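Just structure17.pdb here, PDB, C-alpha atoms, pLDDT in the B column:
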```pdb
ATOM      1  CA  MET B  10       8.642 -25.516 -18.241  1.00 37.00           C
ATOM      2  CA  LYS B  11       8.225 -23.040 -21.091  1.00 37.00           C
ATOM      3  CA  ILE B  12       6.823 -19.622 -21.886  1.00 40.00           C
ATOM      4  CA  ALA B  13       5.314 -20.392 -25.286  1.00 46.00           C
ATOM      5  CA  THR B  14       8.303 -21.902 -27.129  1.00 46.00           C
ATOM      6  CA  ARG B  15      10.999 -20.454 -24.846  1.00 46.00           C
ATOM      7  CA  ASP B  16      12.549 -22.735 -22.223  1.00 51.00           C
ATOM      8  CA  LEU B  17      12.365 -21.120 -18.768  1.00 47.00           C
ATOM      9  CA  ASN B  18      15.827 -22.381 -17.806  1.00 49.00           C
ATOM     10  CA  ARG B  19      17.312 -20.544 -20.774  1.00 50.00           C
ATOM     11  CA  ILE B  20      15.411 -17.379 -19.843  1.00 45.00           C
ATOM     12  CA  TYR B  21      16.597 -17.544 -16.215  1.00 43.00           C
ATOM     13  CA  LEU B  22      20.225 -18.191 -17.208  1.00 45.00           C
ATOM     14  CA  ALA B  23      20.362 -15.541 -19.913  1.00 49.00           C
ATOM     15  CA  PRO B  24      21.078 -12.567 -17.574  1.00 51.00           C
ATOM     16  CA  LEU B  25      24.180 -14.398 -16.283  1.00 49.00           C
ATOM     17  CA  GLN B  26      25.824 -14.435 -19.716  1.00 66.00           C
ATOM     18  CA  LYS B  27      27.515 -11.368 -21.194  1.00 71.00           C
ATOM     19  CA  ARG B  28      26.365 -11.986 -24.744  1.00 75.00           C
ATOM     20  CA  HIS B  29      22.746 -11.652 -23.617  1.00 74.00           C
ATOM     21  CA  TYR B  30      23.439  -8.228 -22.107  1.00 78.00           C
ATOM     22  CA  VAL B  31      24.782  -7.237 -25.505  1.00 83.00           C
ATOM     23  CA  ALA B  32      21.681  -8.631 -27.194  1.00 85.00           C
ATOM     24  CA  ALA B  33      19.246  -6.923 -24.794  1.00 84.00           C
ATOM     25  CA  LYS B  34      20.897  -3.544 -25.253  1.00 87.00           C
ATOM     26  CA  ASN B  35      20.974  -3.881 -29.017  1.00 91.00           C
ATOM     27  CA  MET B  36      17.355  -5.035 -29.220  1.00 92.00           C
ATOM     28  CA  PHE B  37      16.198  -1.664 -27.940  1.00 92.00           C
ATOM     29  CA  THR B  38      18.538   0.325 -30.173  1.00 95.00           C
ATOM     30  CA  LEU B  39      18.445  -1.659 -33.433  1.00 97.00           C
ATOM     31  CA  TYR B  40      14.828  -2.770 -33.880  1.00 97.00           C
ATOM     32  CA  ALA B  41      12.400  -0.237 -35.326  1.00 96.00           C
ATOM     33  CA  ARG B  42       9.733  -1.752 -33.035  1.00 95.00           C
ATOM     34  CA  PRO B  43      11.754  -2.948 -30.048  1.00 94.00           C
ATOM     35  CA  PHE B  44       8.859  -3.756 -27.715  1.00 94.00           C
ATOM     36  CA  ASP B  45       7.172  -5.969 -30.326  1.00 94.00           C
ATOM     37  CA  ALA B  46      10.478  -7.717 -31.061  1.00 93.00           C
ATOM     38  CA  TYR B  47      11.227  -8.207 -27.367  1.00 89.00           C
ATOM     39  CA  MET B  48       7.831  -9.768 -26.615  1.00 91.00           C
ATOM     40  CA  ARG B  49       8.057 -12.033 -29.639  1.00 91.00           C
ATOM     41  CA  TYR B  50      11.550 -13.084 -28.565  1.00 88.00           C
ATOM     42  CA  LEU B  51      10.705 -13.616 -24.896  1.00 84.00           C
ATOM     43  CA  CYS B  52       7.371 -15.388 -25.328  1.00 86.00           C
ATOM     44  CA  GLY B  53       7.706 -17.000 -28.757  1.00 85.00           C
ATOM     45  CA  THR B  54       4.300 -15.600 -29.715  1.00 86.00           C
ATOM     46  CA  GLY B  55       2.943 -13.398 -32.501  1.00 92.00           C
ATOM     47  CA  ASP B  56       1.563 -13.871 -35.988  1.00 95.00           C
ATOM     48  CA  TYR B  57       3.816 -14.916 -38.862  1.00 95.00           C
ATOM     49  CA  PRO B  58       4.985 -14.158 -41.446  1.00 97.00           C
ATOM     50  CA  THR B  59       5.844 -10.628 -40.355  1.00 97.00           C
ATOM     51  CA  GLU B  60       8.407  -7.967 -41.144  1.00 97.00           C
ATOM     52  CA  VAL B  61      11.094  -6.654 -38.830  1.00 98.00           C
ATOM     53  CA  THR B  62      13.177  -3.584 -39.540  1.00 98.00           C
ATOM     54  CA  VAL B  63      16.646  -3.226 -38.053  1.00 98.00           C
ATOM     55  CA  LYS B  64      19.126  -0.378 -38.148  1.00 97.00           C
ATOM     56  CA  THR B  65      22.483  -1.131 -39.789  1.00 97.00           C
ATOM     57  CA  PRO B  66      25.640   0.833 -40.690  1.00 96.00           C
ATOM     58  CA  SER B  67      24.278   1.009 -44.248  1.00 94.00           C
ATOM     59  CA  GLY B  68      20.816   2.192 -43.206  1.00 96.00           C
ATOM     60  CA  PRO B  69      17.647   0.392 -42.064  1.00 97.00           C
ATOM     61  CA  ILE B  70      16.757  -2.915 -43.701  1.00 98.00           C
ATOM     62  CA  THR B  71      13.511  -4.861 -43.525  1.00 98.00           C
ATOM     63  CA  LEU B  72      13.441  -8.648 -43.304  1.00 98.00           C
ATOM     64  CA  THR B  73      10.470 -10.977 -43.676  1.00 98.00           C
ATOM     65  CA  ILE B  74      10.495 -13.697 -41.032  1.00 97.00           C
ATOM     66  CA  TYR B  75       8.240 -16.728 -40.988  1.00 96.00           C
ATOM     67  CA  SER B  76       8.320 -18.019 -37.408  1.00 94.00           C
ATOM     68  CA  SER B  77       9.592 -17.253 -33.920  1.00 93.00           C
ATOM     69  CA  HIS B  78      12.648 -19.333 -34.859  1.00 93.00           C
ATOM     70  CA  ASP B  79      13.526 -16.784 -37.530  1.00 95.00           C
ATOM     71  CA  LEU B  80      13.226 -13.993 -34.962  1.00 95.00           C
ATOM     72  CA  LEU B  81      15.694 -15.879 -32.765  1.00 93.00           C
ATOM     73  CA  THR B  82      18.072 -15.882 -35.723  1.00 95.00           C
ATOM     74  CA  VAL B  83      17.672 -12.126 -36.249  1.00 97.00           C
ATOM     75  CA  ASN B  84      18.358 -11.529 -32.578  1.00 94.00           C
ATOM     76  CA  GLU B  85      21.388 -13.818 -32.485  1.00 94.00           C
ATOM     77  CA  ILE B  86      22.958 -12.270 -35.555  1.00 96.00           C
ATOM     78  CA  PHE B  87      22.057  -8.578 -35.456  1.00 97.00           C
ATOM     79  CA  CYS B  88      21.694  -8.008 -31.702  1.00 95.00           C
ATOM     80  CA  ARG B  89      23.911 -10.614 -30.042  1.00 93.00           C
ATOM     81  CA  GLU B  90      26.414 -10.364 -32.914  1.00 94.00           C
ATOM     82  CA  ASP B  91      27.290 -14.039 -33.058  1.00 95.00           C
ATOM     83  CA  TYR B  92      29.201 -13.404 -36.288  1.00 96.00           C
ATOM     84  CA  LYS B  93      30.630  -9.970 -35.579  1.00 93.00           C
ATOM     85  CA  VAL B  94      32.088  -8.362 -38.690  1.00 92.00           C
ATOM     86  CA  ASP B  95      34.558  -5.498 -38.995  1.00 84.00           C
ATOM     87  CA  GLY B  96      33.469  -2.762 -41.386  1.00 86.00           C
ATOM     88  CA  ARG B  97      36.690  -3.369 -43.305  1.00 89.00           C
ATOM     89  CA  ASP B  98      35.877  -7.012 -44.110  1.00 95.00           C
ATOM     90  CA  ARG B  99      35.335  -7.484 -47.839  1.00 96.00           C
ATOM     91  CA  VAL B 100      35.126 -11.206 -48.710  1.00 98.00           C
ATOM     92  CA  ILE B 101      32.438 -13.198 -46.893  1.00 98.00           C
ATOM     93  CA  VAL B 102      31.577 -16.889 -47.262  1.00 98.00           C
ATOM     94  CA  ASP B 103      28.272 -17.931 -45.670  1.00 98.00           C
ATOM     95  CA  ILE B 104      27.787 -21.695 -45.641  1.00 97.00           C
ATOM     96  CA  GLY B 105      24.235 -22.433 -44.527  1.00 95.00           C
ATOM     97  CA  SER B 106      22.562 -19.146 -45.500  1.00 96.00           C
ATOM     98  CA  ASN B 107      18.982 -20.224 -44.703  1.00 95.00           C
ATOM     99  CA  ILE B 108      16.575 -17.328 -45.463  1.00 97.00           C
ATOM    100  CA  GLY B 109      19.293 -14.704 -45.773  1.00 98.00           C
ATOM    101  CA  ILE B 110      19.382 -13.196 -42.275  1.00 98.00           C
ATOM    102  CA  SER B 111      23.104 -13.749 -41.776  1.00 98.00           C
ATOM    103  CA  ALA B 112      23.799 -12.572 -45.333  1.00 98.00           C
ATOM    104  CA  ALA B 113      21.783  -9.398 -44.731  1.00 98.00           C
ATOM    105  CA  TYR B 114      23.861  -8.747 -41.612  1.00 98.00           C
ATOM    106  CA  PHE B 115      27.147  -9.270 -43.454  1.00 98.00           C
ATOM    107  CA  LEU B 116      26.194  -7.182 -46.490  1.00 98.00           C
ATOM    108  CA  SER B 117      24.859  -4.300 -44.398  1.00 97.00           C
ATOM    109  CA  ARG B 118      28.129  -3.787 -42.505  1.00 96.00           C
ATOM    110  CA  ASN B 119      29.511  -1.701 -45.385  1.00 95.00           C
ATOM    111  CA  THR B 120      28.729  -0.996 -49.034  1.00 94.00           C
ATOM    112  CA  LYS B 121      31.760  -2.696 -50.588  1.00 94.00           C
ATOM    113  CA  ASN B 122      31.890  -6.284 -49.350  1.00 97.00           C
ATOM    114  CA  PHE B 123      30.819  -9.349 -51.342  1.00 98.00           C
ATOM    115  CA  ALA B 124      29.280 -12.556 -50.038  1.00 98.00           C
ATOM    116  CA  TYR B 125      29.278 -16.118 -51.364  1.00 98.00           C
ATOM    117  CA  LEU B 126      26.131 -17.852 -50.117  1.00 98.00           C
ATOM    118  CA  PHE B 127      25.286 -21.560 -49.985  1.00 98.00           C
ATOM    119  CA  GLU B 128      21.754 -22.811 -49.299  1.00 96.00           C
ATOM    120  CA  PRO B 129      20.248 -26.005 -50.799  1.00 95.00           C
ATOM    121  CA  VAL B 130      16.562 -25.779 -49.758  1.00 93.00           C
ATOM    122  CA  SER B 131      14.477 -24.160 -52.502  1.00 93.00           C
ATOM    123  CA  ARG B 132      11.948 -22.572 -50.119  1.00 93.00           C
ATOM    124  CA  ASN B 133      14.765 -20.974 -48.148  1.00 95.00           C
ATOM    125  CA  VAL B 134      16.397 -19.784 -51.375  1.00 97.00           C
ATOM    126  CA  GLN B 135      13.203 -17.978 -52.417  1.00 97.00           C
ATOM    127  CA  ARG B 136      12.929 -16.290 -49.040  1.00 97.00           C
ATOM    128  CA  LEU B 137      16.623 -15.427 -49.019  1.00 98.00           C
ATOM    129  CA  THR B 138      16.374 -13.751 -52.416  1.00 98.00           C
ATOM    130  CA  ALA B 139      13.448 -11.620 -51.207  1.00 98.00           C
ATOM    131  CA  ASN B 140      15.233 -10.668 -47.981  1.00 98.00           C
ATOM    132  CA  LEU B 141      18.324  -9.560 -49.903  1.00 98.00           C
ATOM    133  CA  LYS B 142      16.437  -7.182 -52.184  1.00 97.00           C
ATOM    134  CA  GLY B 143      18.663  -4.154 -52.597  1.00 95.00           C
ATOM    135  CA  PHE B 144      21.857  -6.169 -52.276  1.00 97.00           C
ATOM    136  CA  GLU B 145      21.742  -7.577 -55.807  1.00 96.00           C
ATOM    137  CA  GLY B 146      25.164  -7.650 -57.424  1.00 96.00           C
ATOM    138  CA  ARG B 147      26.913  -8.012 -54.079  1.00 98.00           C
ATOM    139  CA  TYR B 148      26.408 -11.712 -53.525  1.00 98.00           C
ATOM    140  CA  GLU B 149      26.665 -14.984 -55.403  1.00 98.00           C
ATOM    141  CA  LEU B 150      24.140 -17.630 -54.391  1.00 98.00           C
ATOM    142  CA  SER B 151      24.743 -21.346 -54.930  1.00 98.00           C
ATOM    143  CA  SER B 152      21.656 -23.502 -54.322  1.00 97.00           C
ATOM    144  CA  VAL B 153      23.705 -26.450 -53.076  1.00 97.00           C
ATOM    145  CA  ALA B 154      24.743 -28.089 -49.840  1.00 95.00           C
ATOM    146  CA  VAL B 155      28.355 -28.006 -48.700  1.00 96.00           C
ATOM    147  CA  ALA B 156      29.915 -31.298 -47.640  1.00 95.00           C
ATOM    148  CA  LEU B 157      33.259 -33.078 -47.624  1.00 95.00           C
ATOM    149  CA  GLU B 158      32.767 -34.425 -51.142  1.00 95.00           C
ATOM    150  CA  ALA B 159      30.703 -33.488 -54.178  1.00 97.00           C
ATOM    151  CA  GLY B 160      27.655 -35.569 -55.073  1.00 96.00           C
ATOM    152  CA  VAL B 161      23.952 -35.976 -54.384  1.00 96.00           C
ATOM    153  CA  VAL B 162      23.032 -36.243 -50.697  1.00 91.00           C
ATOM    154  CA  ALA B 163      19.939 -36.791 -48.552  1.00 90.00           C
ATOM    155  CA  PHE B 164      19.079 -33.532 -46.804  1.00 89.00           C
ATOM    156  CA  GLY B 165      16.660 -33.447 -43.875  1.00 88.00           C
ATOM    157  CA  CYS B 166      14.148 -30.567 -43.829  1.00 85.00           C
ATOM    158  CA  GLU B 167      11.688 -29.446 -41.151  1.00 80.00           C
ATOM    159  CA  LYS B 168       8.939 -26.843 -41.074  1.00 79.00           C
ATOM    160  CA  THR B 169      10.935 -23.930 -39.620  1.00 75.00           C
ATOM    161  CA  GLY B 170      13.682 -24.275 -42.236  1.00 72.00           C
ATOM    162  CA  ARG B 171      16.292 -23.500 -39.591  1.00 75.00           C
ATOM    163  CA  TYR B 172      17.420 -26.923 -38.413  1.00 75.00           C
ATOM    164  CA  GLY B 173      17.798 -29.064 -41.532  1.00 78.00           C
ATOM    165  CA  GLY B 174      21.021 -30.723 -42.604  1.00 83.00           C
ATOM    166  CA  ILE B 175      22.708 -33.495 -44.547  1.00 87.00           C
ATOM    167  CA  GLY B 176      21.640 -36.879 -43.223  1.00 78.00           C
ATOM    168  CA  LYS B 177      19.459 -35.327 -40.523  1.00 78.00           C
ATOM    169  CA  LEU B 178      16.260 -37.144 -39.539  1.00 76.00           C
ATOM    170  CA  THR B 179      13.503 -34.532 -39.786  1.00 78.00           C
ATOM    171  CA  ASP B 180       9.966 -34.081 -41.129  1.00 77.00           C
ATOM    172  CA  ASP B 181      11.019 -34.539 -44.733  1.00 84.00           C
ATOM    173  CA  THR B 182      14.057 -35.640 -46.720  1.00 89.00           C
ATOM    174  CA  ILE B 183      15.038 -34.263 -50.096  1.00 89.00           C
ATOM    175  CA  GLN B 184      17.873 -35.041 -52.470  1.00 93.00           C
ATOM    176  CA  VAL B 185      20.186 -32.092 -53.097  1.00 93.00           C
ATOM    177  CA  GLU B 186      23.437 -31.465 -54.894  1.00 96.00           C
ATOM    178  CA  ALA B 187      26.478 -31.089 -52.663  1.00 95.00           C
ATOM    179  CA  VAL B 188      29.830 -29.471 -53.369  1.00 97.00           C
ATOM    180  CA  ALA B 189      33.135 -30.160 -51.627  1.00 97.00           C
ATOM    181  CA  ALA B 190      33.968 -27.466 -49.048  1.00 97.00           C
ATOM    182  CA  ASN B 191      37.684 -27.382 -49.791  1.00 98.00           C
ATOM    183  CA  ASN B 192      37.056 -26.987 -53.531  1.00 98.00           C
ATOM    184  CA  VAL B 193      34.668 -24.086 -52.908  1.00 97.00           C
ATOM    185  CA  LEU B 194      37.066 -22.296 -50.570  1.00 98.00           C
ATOM    186  CA  GLU B 195      40.030 -22.888 -52.848  1.00 98.00           C
ATOM    187  CA  ALA B 196      38.184 -21.267 -55.778  1.00 98.00           C
ATOM    188  CA  ILE B 197      37.184 -18.206 -53.734  1.00 98.00           C
ATOM    189  CA  ILE B 198      40.709 -17.780 -52.363  1.00 98.00           C
ATOM    190  CA  ALA B 199      42.111 -18.092 -55.877  1.00 98.00           C
ATOM    191  CA  ARG B 200      39.811 -15.261 -56.946  1.00 98.00           C
ATOM    192  CA  HIS B 201      40.406 -12.883 -54.021  1.00 98.00           C
ATOM    193  CA  GLY B 202      43.608 -14.047 -52.375  1.00 97.00           C
ATOM    194  CA  HIS B 203      41.916 -14.532 -49.004  1.00 97.00           C
ATOM    195  CA  ILE B 204      38.595 -14.849 -47.161  1.00 98.00           C
ATOM    196  CA  ASP B 205      37.848 -12.284 -44.448  1.00 97.00           C
ATOM    197  CA  ILE B 206      34.909 -14.112 -42.838  1.00 98.00           C
ATOM    198  CA  LEU B 207      33.922 -17.765 -43.168  1.00 98.00           C
ATOM    199  CA  LYS B 208      30.688 -18.699 -41.395  1.00 98.00           C
ATOM    200  CA  ILE B 209      29.610 -22.350 -41.175  1.00 97.00           C
ATOM    201  CA  ASP B 210      26.212 -23.363 -39.822  1.00 94.00           C
ATOM    202  CA  ILE B 211      25.090 -26.573 -41.504  1.00 92.00           C
ATOM    203  CA  GLU B 212      23.742 -28.559 -38.517  1.00 83.00           C
ATOM    204  CA  THR B 213      25.513 -31.865 -39.180  1.00 83.00           C
ATOM    205  CA  LEU B 214      28.942 -31.453 -40.772  1.00 92.00           C
ATOM    206  CA  GLU B 215      30.491 -28.372 -39.147  1.00 94.00           C
ATOM    207  CA  ARG B 216      33.144 -30.334 -37.277  1.00 95.00           C
ATOM    208  CA  GLN B 217      34.117 -32.480 -40.247  1.00 96.00           C
ATOM    209  CA  VAL B 218      34.354 -29.520 -42.641  1.00 97.00           C
ATOM    210  CA  VAL B 219      36.620 -27.569 -40.283  1.00 98.00           C
ATOM    211  CA  GLU B 220      38.792 -30.557 -39.419  1.00 97.00           C
ATOM    212  CA  ASN B 221      39.175 -31.292 -43.136  1.00 97.00           C
ATOM    213  CA  LEU B 222      40.521 -27.812 -43.949  1.00 97.00           C
ATOM    214  CA  THR B 223      44.089 -27.953 -45.174  1.00 96.00           C
ATOM    215  CA  VAL B 224      46.674 -25.648 -43.640  1.00 97.00           C
ATOM    216  CA  LYS B 225      47.192 -24.115 -47.076  1.00 96.00           C
ATOM    217  CA  LEU B 226      43.522 -23.084 -47.193  1.00 97.00           C
ATOM    218  CA  ALA B 227      43.187 -22.139 -43.523  1.00 98.00           C
ATOM    219  CA  GLU B 228      46.105 -19.709 -43.633  1.00 97.00           C
ATOM    220  CA  HIS B 229      44.126 -17.592 -46.130  1.00 97.00           C
ATOM    221  CA  ILE B 230      41.018 -17.371 -43.899  1.00 98.00           C
ATOM    222  CA  LEU B 231      41.156 -14.490 -41.434  1.00 97.00           C
ATOM    223  CA  THR B 232      38.142 -15.291 -39.236  1.00 98.00           C
ATOM    224  CA  CYS B 233      35.981 -18.407 -39.105  1.00 98.00           C
ATOM    225  CA  TYR B 234      32.700 -18.702 -37.153  1.00 98.00           C
ATOM    226  CA  VAL B 235      31.395 -22.240 -36.628  1.00 97.00           C
ATOM    227  CA  GLU B 236      28.244 -23.429 -34.860  1.00 93.00           C
ATOM    228  CA  TYR B 237      29.915 -26.330 -33.073  1.00 94.00           C
ATOM    229  CA  PRO B 238      31.210 -26.885 -29.481  1.00 94.00           C
ATOM    230  CA  PHE B 239      34.837 -27.740 -30.236  1.00 96.00           C
ATOM    231  CA  VAL B 240      36.848 -28.834 -27.205  1.00 94.00           C
ATOM    232  CA  ASN B 241      40.246 -28.777 -28.907  1.00 96.00           C
ATOM    233  CA  ASN B 242      41.318 -26.369 -31.626  1.00 98.00           C
ATOM    234  CA  PRO B 243      41.362 -28.198 -34.994  1.00 97.00           C
ATOM    235  CA  LEU B 244      43.078 -25.179 -36.608  1.00 98.00           C
ATOM    236  CA  SER B 245      45.773 -24.686 -33.984  1.00 97.00           C
ATOM    237  CA  ARG B 246      48.517 -24.289 -36.594  1.00 97.00           C
ATOM    238  CA  THR B 247      46.842 -21.260 -38.154  1.00 98.00           C
ATOM    239  CA  HIS B 248      44.191 -19.894 -35.778  1.00 98.00           C
ATOM    240  CA  GLN B 249      43.468 -19.078 -32.173  1.00 98.00           C
ATOM    241  CA  MET B 250      40.141 -20.499 -30.984  1.00 98.00           C
ATOM    242  CA  GLY B 251      37.652 -18.792 -28.683  1.00 96.00           C
ATOM    243  CA  ARG B 252      33.973 -19.215 -27.846  1.00 94.00           C
ATOM    244  CA  TYR B 253      30.989 -16.891 -27.923  1.00 92.00           C
ATOM    245  CA  GLY B 254      28.047 -18.871 -26.640  1.00 88.00           C
ATOM    246  CA  PRO B 255      27.356 -21.664 -29.156  1.00 90.00           C
ATOM    247  CA  VAL B 256      29.783 -20.254 -31.717  1.00 95.00           C
ATOM    248  CA  ALA B 257      33.426 -21.286 -32.019  1.00 97.00           C
ATOM    249  CA  GLN B 258      35.546 -18.349 -33.189  1.00 97.00           C
ATOM    250  CA  PHE B 259      38.780 -18.951 -35.067  1.00 98.00           C
ATOM    251  CA  ARG B 260      41.028 -15.932 -35.650  1.00 97.00           C
ATOM    252  CA  SER B 261      44.154 -16.019 -37.793  1.00 97.00           C
ATOM    253  CA  LEU B 262      47.392 -16.043 -35.804  1.00 96.00           C
ATOM    254  CA  THR B 263      49.020 -13.972 -38.547  1.00 90.00           C
ATOM    255  CA  HIS B 264      46.360 -11.387 -39.306  1.00 76.00           C
ATOM    256  CA  HIS B 265      45.026 -10.920 -35.758  1.00 57.00           C
ATOM    257  CA  ALA B 266      48.329 -10.818 -33.939  1.00 45.00           C
TER     258      ALA B 266
END
```
Will you turn the file into structure tokens for me?
Amino acid sequence: MKIATRDLNRIYLAPLQKRHYVAAKNMFTLYARPFDAYMRYLCGTGDYPTEVTVKTPSGPITLTIYSSHDLLTVNEIFCREDYKVDGRDRVIVDIGSNIGISAAYFLSRNTKNFAYLFEPVSRNVQRLTANLKGFEGRYELSSVAVALEAGVVAFGCEKTGRYGGIGKLTDDTIQVEAVAANNVLEAIIARHGHIDILKIDIETLERQVVENLTVKLAEHILTCYVEYPFVNNPLSRTHQMGRYGPVAQFRSLTHHA
């Protein structure tokens, strides 16, 4: 049974999980219009597109969202803090940037960090660019997919823009350019010496990308957030693994000792 698009089982179970207490508290302190955001989140209703304004360490920012699915993303990232960032983090890599909500979170944590963003869907890229107005010069956007190898790949798209991925069977399939994850990370590490935050949310290849990381690369990544339910730690030689709801958290054994 559902309330609008929200599954009742998820609603009933939410109060039993700590991360949802965090989200509920932050909803009423971070949103400029908390009651509107809460009702949209709970019931999955409301007209779209719409704008939501959230408070950040760098001041309030306004994001345009296009569906209740986008509001879920705002809540997960800004309120639940699925990808919690320290204000000292400087080098961010966001693989699967969608419409820029995660990037806006990362870039608003301080005024000095820089983000490398990867998003292959042109509609999402346009929306991302609009949502990151004011952050120009602090991010580098690559309109490509990230995979194990470079090439042209079939990328599944659906109407919300949130759940597409390489090889995924969805409403539509497009051909997009893909770059090799290890090559991308190696180039960024060569430029900066390390990566503070690596976030991977690409729907189909999260496990393979993480398992394919070399020790040489992994030891230069301080924190890695991955939307995948790992049972065993694929980075056990370099990172400690934890879980925060659907997100696997890998923290460097050296830098987080």
Worksheet item: Contacts of range 175-191 of chain B at 6 Å or less, counting only C-alpha atoms, minus same-chain residues fewer than 3 places along, as a list in words?
Response: Val153, Ala154, Val155, Ala156, Leu157, Glu158, Ala159, Gly160, Val161, Val162, Ala163, Phe164, Gly165, Cys166, Glu167, Leu194 and Glu195 of chain B
Worksheet entry | Selection result for the PyMOL selection byres ((chain B and resi 91) around 12) on this file, as number ranges by chain | B: 28-29, 31-32, 81-90, 92-94, 111, 114-115, 208-210, 233-236, 252-258
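Our summary of the geometry notes that CA of Glu215 in chain B is positioned 18.7 Å from CA of Arg246 in chain B.
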Discussion item. Report, in Å with one decimal, the straight-line distance from CA of Glu228 in chain B to CA of Ile101 in chain B.
Written reply: 15.5 Å
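Minimum atom-to-atom distance to Val61 in chain B, evaluated using only C-alpha atoms, belongs to B:Arg42 out of B:His78, B:Arg136, B:Arg49, B:Arg42.
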Could you rebuild range 222-239 of chain B with N, CA and C atoms and give it back as a PDB file, keeping the file's coordinate frame?
```pdb
ATOM      1  N   LEU B 222      39.842 -28.939 -43.320  1.00 97.00           N
ATOM      2  CA  LEU B 222      40.521 -27.812 -43.949  1.00 97.00           C
ATOM      3  C   LEU B 222      42.032 -28.050 -43.962  1.00 97.00           C
ATOM      4  N   THR B 223      42.634 -27.840 -45.103  1.00 96.00           N
ATOM      5  CA  THR B 223      44.089 -27.953 -45.174  1.00 96.00           C
ATOM      6  C   THR B 223      44.722 -26.693 -44.600  1.00 96.00           C
ATOM      7  N   VAL B 224      45.955 -26.817 -44.143  1.00 97.00           N
ATOM      8  CA  VAL B 224      46.674 -25.648 -43.640  1.00 97.00           C
ATOM      9  C   VAL B 224      46.807 -24.600 -44.732  1.00 97.00           C
ATOM     10  N   LYS B 225      47.028 -25.040 -45.955  1.00 96.00           N
ATOM     11  CA  LYS B 225      47.192 -24.115 -47.076  1.00 96.00           C
ATOM     12  C   LYS B 225      45.946 -23.255 -47.263  1.00 96.00           C
ATOM     13  N   LEU B 226      44.759 -23.851 -47.098  1.00 97.00           N
ATOM     14  CA  LEU B 226      43.522 -23.084 -47.193  1.00 97.00           C
ATOM     15  C   LEU B 226      43.305 -22.232 -45.949  1.00 97.00           C
ATOM     16  N   ALA B 227      43.479 -22.829 -44.779  1.00 98.00           N
ATOM     17  CA  ALA B 227      43.187 -22.139 -43.523  1.00 98.00           C
ATOM     18  C   ALA B 227      44.012 -20.873 -43.355  1.00 98.00           C
ATOM     19  N   GLU B 228      45.253 -20.879 -43.830  1.00 97.00           N
ATOM     20  CA  GLU B 228      46.105 -19.709 -43.633  1.00 97.00           C
ATOM     21  C   GLU B 228      45.638 -18.498 -44.442  1.00 97.00           C
ATOM     22  N   HIS B 229      44.686 -18.698 -45.351  1.00 97.00           N
ATOM     23  CA  HIS B 229      44.126 -17.592 -46.130  1.00 97.00           C
ATOM     24  C   HIS B 229      42.748 -17.160 -45.621  1.00 97.00           C
ATOM     25  N   ILE B 230      42.310 -17.720 -44.497  1.00 98.00           N
ATOM     26  CA  ILE B 230      41.018 -17.371 -43.899  1.00 98.00           C
ATOM     27  C   ILE B 230      41.287 -16.590 -42.621  1.00 98.00           C
ATOM     28  N   LEU B 231      40.833 -15.342 -42.571  1.00 97.00           N
ATOM     29  CA  LEU B 231      41.156 -14.490 -41.434  1.00 97.00           C
ATOM     30  C   LEU B 231      40.341 -14.847 -40.197  1.00 97.00           C
ATOM     31  N   THR B 232      39.028 -14.974 -40.363  1.00 98.00           N
ATOM     32  CA  THR B 232      38.142 -15.291 -39.236  1.00 98.00           C
ATOM     33  C   THR B 232      37.140 -16.351 -39.678  1.00 98.00           C
ATOM     34  N   CYS B 233      36.927 -17.334 -38.812  1.00 98.00           N
ATOM     35  CA  CYS B 233      35.981 -18.407 -39.105  1.00 98.00           C
ATOM     36  C   CYS B 233      35.033 -18.561 -37.916  1.00 98.00           C
ATOM     37  N   TYR B 234      33.721 -18.499 -38.171  1.00 98.00           N
ATOM     38  CA  TYR B 234      32.700 -18.702 -37.153  1.00 98.00           C
ATOM     39  C   TYR B 234      31.997 -20.030 -37.432  1.00 98.00           C
ATOM     40  N   VAL B 235      31.948 -20.897 -36.426  1.00 97.00           N
ATOM     41  CA  VAL B 235      31.395 -22.240 -36.628  1.00 97.00           C
ATOM     42  C   VAL B 235      30.436 -22.581 -35.498  1.00 97.00           C
ATOM     43  N   GLU B 236      29.240 -23.027 -35.854  1.00 93.00           N
ATOM     44  CA  GLU B 236      28.244 -23.429 -34.860  1.00 93.00           C
ATOM     45  C   GLU B 236      28.518 -24.861 -34.409  1.00 93.00           C
ATOM     46  N   TYR B 237      29.568 -25.000 -33.576  1.00 94.00           N
ATOM     47  CA  TYR B 237      29.915 -26.330 -33.073  1.00 94.00           C
ATOM     48  C   TYR B 237      30.744 -26.170 -31.789  1.00 94.00           C
ATOM     49  N   PRO B 238      30.502 -27.021 -30.764  1.00 94.00           N
ATOM     50  CA  PRO B 238      31.210 -26.885 -29.481  1.00 94.00           C
ATOM     51  C   PRO B 238      32.561 -27.613 -29.467  1.00 94.00           C
ATOM     52  N   PHE B 239      33.512 -27.121 -30.228  1.00 96.00           N
ATOM     53  CA  PHE B 239      34.837 -27.740 -30.236  1.00 96.00           C
ATOM     54  C   PHE B 239      35.459 -27.694 -28.841  1.00 96.00           C
TER      55      PHE B 239
END
```
